[in-house]
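Let me begin by presenting the structure, written as structure tokens, before commenting on it.
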Amino acid sequence: MKRSFLYLAGLTIVSLLLLWIFSSGNGTSKNSIISNSLMPEISKQINDVDRVEIISAGNHTVATMVRIGGHWQLEQMGGYQADWSRLQTLLASLAQATIVEPKTDKAEYYARLGVEDITGEDAGGVLVRLGIGDQTRAVLVGHEAQGRPGQYVRLQNSPASALVDRKLDVSTELMDWADSRIVDIGASEVAEVEIIHPGGERLLITRVSADQTDFDVVGLPGDREITNSWAVNSMGSALSMLDMETVRPVQSADWSDAVKMRLLTFSGMEIIAGLMVDEDQFLMRLDATHPASVIIKNRAGESVPADELTDIEKQAMQDVSKAVDEINRKVAGWAYGISEQEYNVMINKLENLLKPLESQ
């Protein structure tokens, strides 16, 4: 009896020991999978990547982004500025992505995961090719996993597919890779807006301070009233969070008969917009200046010598000059396609703001 008890106890201890070893082994294997980087060689050199290609089904190149002089440009848009925020997110995601589960290495099952060869016209994934000098590395980004986080991927020229621990945002629309924000001048910053038509007709709205809610229409006929203040104030926000629909070289259009819109901020920055319609596109070009950086005047309207400016005034001048340089660096040489509604606000006429005579 005692011998049987000892035998059973021994079996129990051995079983528990084997269970512990088995569990530990499984845990080590799982951790090993989780710790596997998707692209270890790229993750160590992610800051050296100087070329990114996005390729969709049919081997169609959607976007080619190259880093030149510290700035990312889109080859398909003649070197226009790429959306660094989106590109940076993608690069960081690829550098940090880890494999959580190996998947099929059989080509006949690739389509289920969206990681089949990109040359197929019905390919379900997107190929992301990264370049560092003469070296390239590419990964097929497939479908998002269902019922669990992550996305299916397969390194190009590798039979093995895998599930990684994050979603990879890879758009197949060229415009999504461009920096679509043209300019952002908040309405609260605007002191005046003037619209000048080729025939000489002008419209000017102003306000004396940012605390003034509504703009005043200069030259308003004594017997007329404005339709509503919104129509006037909308001109002050014309360049607020302004996004493009298309972009092309500025030389591609004739600007000789363009309408001009001049916007002046309280800080002294002046932006001149040229506006025209060409080939059913509503085009705009921009140029920013800072006249106040040359001459500062006191309350009496007298010029203040540069050596008499306060530190705050000097810093303000530097800040505005920097903002002007940033705008010009981005917009110089480009014509932007904008919406018809935004275009119409920028070419407004005084008559459009007034109530019809018969309704007064």
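Naming scheme: A, B, ... for chains in displayed order of the structure tokens; residues 1 onward per chain; ligands 1 onward as shown.
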Can you pull out the residues contacting range 73-79 of chain A? Cut-off 7 Å, using only C-alpha atoms, and skip same-chain residues under 5 positions away; I want them as an MDAnalysis selection string. chainID A and resid 63:67
Let me see the file: selected residues, C-alpha atoms, as a JSON list (two decimals), in the first residue's frame.
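Below is the file that was written, again_36.json:
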```
[["chain", "number", "residue", "atom", "x", "y", "z"],
["A", 63, "ALA", "CA", 3.55, 57.11, -55.72],
["A", 64, "THR", "CA", 7.32, 57.43, -55.69],
["A", 65, "MET", "CA", 8.67, 59.57, -52.88],
["A", 66, "VAL", "CA", 12.32, 60.58, -52.75],
["A", 67, "ARG", "CA", 14.22, 62.53, -50.14]]
```
Need to verify the contact set: range 106-114 of chain A, 9 Å, only C-alpha atoms, exclusion of same-chain residues closer than 4 positions in sequence. Can you return it as a compact mmCIF listing (two decimals) with C-alpha atoms, in the first residue's frame?
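Output contents, as saved in out26.txt:
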```
# COMPACT_ATOMS: atom_id res chain seq x y z
CA ALA A 123 -3.98 41.51 -56.50
CA GLY A 124 -5.50 42.37 -53.15
CA GLY A 125 -2.49 43.96 -51.50
CA VAL A 126 -0.07 46.85 -51.92
CA LEU A 140 3.48 43.13 -49.56
CA VAL A 141 0.80 44.59 -47.29
CA GLY A 142 -2.35 42.49 -47.44
CA HIS A 143 -5.75 42.41 -45.75
CA GLU A 144 -6.48 43.47 -42.20
CA ALA A 145 -7.10 40.56 -39.87
CA GLN A 151 -2.51 42.93 -40.81
CA TYR A 152 -1.20 40.20 -43.09
CA VAL A 153 2.12 40.77 -44.84
CA PRO A 159 7.33 32.37 -49.53
CA ALA A 160 6.35 32.90 -45.89
CA SER A 161 3.49 35.21 -44.95
```
Min atom-atom distance to Val190 in chain A from the set A:Arg137, A:Arg224, A:Arg154, A:Arg262, counting only C-alpha atoms, belongs to A:Arg262
Would you pick out the contacts of range 332-342 of chain A at 12 Å or less, using only C-alpha atoms, so that residues sharing its chain but fewer than 5 positions from it are not included, and give the list as a ChimeraX atom specification? /A:77-81,179-183,234-255,273-288,324-327,347-348
I need the chosen residues saved as a PDB file, in the first residue's frame, with C-alpha atoms.
```pdb
ATOM      1  CA  MET A  77       3.770  65.454 -59.183  1.00  0.00           C
ATOM      2  CA  GLY A  78       6.894  66.962 -60.637  1.00  0.00           C
ATOM      3  CA  GLY A  79       8.689  67.063 -57.289  1.00  0.00           C
ATOM      4  CA  TYR A  80       5.848  68.519 -55.216  1.00  0.00           C
ATOM      5  CA  GLN A  81       6.128  68.146 -51.445  1.00  0.00           C
ATOM      6  CA  ASP A 179       0.931  67.494 -48.668  1.00  0.00           C
ATOM      7  CA  SER A 180      -2.545  68.747 -49.572  1.00  0.00           C
ATOM      8  CA  ARG A 181      -2.649  71.648 -47.105  1.00  0.00           C
ATOM      9  CA  ILE A 182      -1.689  74.736 -49.139  1.00  0.00           C
ATOM     10  CA  VAL A 183      -1.779  77.331 -46.390  1.00  0.00           C
ATOM     11  CA  SER A 234     -16.014  84.385 -45.297  1.00  0.00           C
ATOM     12  CA  MET A 235     -13.471  86.347 -47.321  1.00  0.00           C
ATOM     13  CA  GLY A 236     -11.366  86.743 -44.178  1.00  0.00           C
ATOM     14  CA  SER A 237     -11.180  82.960 -43.795  1.00  0.00           C
ATOM     15  CA  ALA A 238     -10.429  82.281 -47.478  1.00  0.00           C
ATOM     16  CA  LEU A 239      -6.925  81.001 -46.691  1.00  0.00           C
ATOM     17  CA  SER A 240      -7.857  79.181 -43.493  1.00  0.00           C
ATOM     18  CA  MET A 241      -7.053  75.435 -43.657  1.00  0.00           C
ATOM     19  CA  LEU A 242      -7.031  75.630 -47.456  1.00  0.00           C
ATOM     20  CA  ASP A 243      -6.437  72.269 -49.159  1.00  0.00           C
ATOM     21  CA  MET A 244      -5.677  71.584 -52.790  1.00  0.00           C
ATOM     22  CA  GLU A 245      -7.521  69.285 -55.156  1.00  0.00           C
ATOM     23  CA  THR A 246      -4.741  69.231 -57.756  1.00  0.00           C
ATOM     24  CA  VAL A 247      -1.335  70.816 -58.300  1.00  0.00           C
ATOM     25  CA  ARG A 248       0.668  71.674 -61.412  1.00  0.00           C
ATOM     26  CA  PRO A 249       3.623  73.901 -62.389  1.00  0.00           C
ATOM     27  CA  VAL A 250       2.655  77.568 -62.344  1.00  0.00           C
ATOM     28  CA  GLN A 251       4.069  78.064 -65.857  1.00  0.00           C
ATOM     29  CA  SER A 252       1.426  75.702 -67.246  1.00  0.00           C
ATOM     30  CA  ALA A 253      -1.160  78.521 -67.272  1.00  0.00           C
ATOM     31  CA  ASP A 254      -1.357  82.126 -68.521  1.00  0.00           C
ATOM     32  CA  TRP A 255      -1.848  84.430 -65.513  1.00  0.00           C
ATOM     33  CA  ALA A 273      -3.146  85.189 -54.607  1.00  0.00           C
ATOM     34  CA  GLY A 274      -3.581  84.976 -58.362  1.00  0.00           C
ATOM     35  CA  LEU A 275      -6.830  83.304 -59.457  1.00  0.00           C
ATOM     36  CA  MET A 276      -7.979  81.995 -62.834  1.00  0.00           C
ATOM     37  CA  VAL A 277      -9.857  79.171 -64.554  1.00  0.00           C
ATOM     38  CA  ASP A 278      -8.003  76.905 -66.966  1.00  0.00           C
ATOM     39  CA  GLU A 279      -9.205  73.642 -68.496  1.00  0.00           C
ATOM     40  CA  ASP A 280     -12.129  73.504 -66.056  1.00  0.00           C
ATOM     41  CA  GLN A 281      -9.757  73.827 -63.110  1.00  0.00           C
ATOM     42  CA  PHE A 282     -10.050  76.643 -60.591  1.00  0.00           C
ATOM     43  CA  LEU A 283      -6.433  77.643 -60.148  1.00  0.00           C
ATOM     44  CA  MET A 284      -4.649  79.686 -57.512  1.00  0.00           C
ATOM     45  CA  ARG A 285      -1.032  80.769 -57.088  1.00  0.00           C
ATOM     46  CA  LEU A 286       0.412  82.374 -53.951  1.00  0.00           C
ATOM     47  CA  ASP A 287       3.232  84.661 -52.927  1.00  0.00           C
ATOM     48  CA  ALA A 288       3.923  85.834 -49.372  1.00  0.00           C
ATOM     49  CA  VAL A 324       6.737  83.931 -44.900  1.00  0.00           C
ATOM     50  CA  ASP A 325       9.781  81.877 -45.894  1.00  0.00           C
ATOM     51  CA  GLU A 326       8.012  78.612 -45.054  1.00  0.00           C
ATOM     52  CA  ILE A 327       4.987  79.540 -47.158  1.00  0.00           C
ATOM     53  CA  ILE A 347     -12.941  86.560 -56.665  1.00  0.00           C
ATOM     54  CA  ASN A 348     -15.930  88.211 -55.010  1.00  0.00           C
TER      55      ASN A 348
END
```
For Asp257 in chain A, which residue out of A:Lys314, A:Pro198, A:His71, A:Ala210 is the nearest one, using only C-alpha atoms?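 Checking each of A:Lys314, A:Pro198, A:His71, A:Ala210 against Asp257 in chain A, counting only C-alpha atoms, the winner is A:Pro198.
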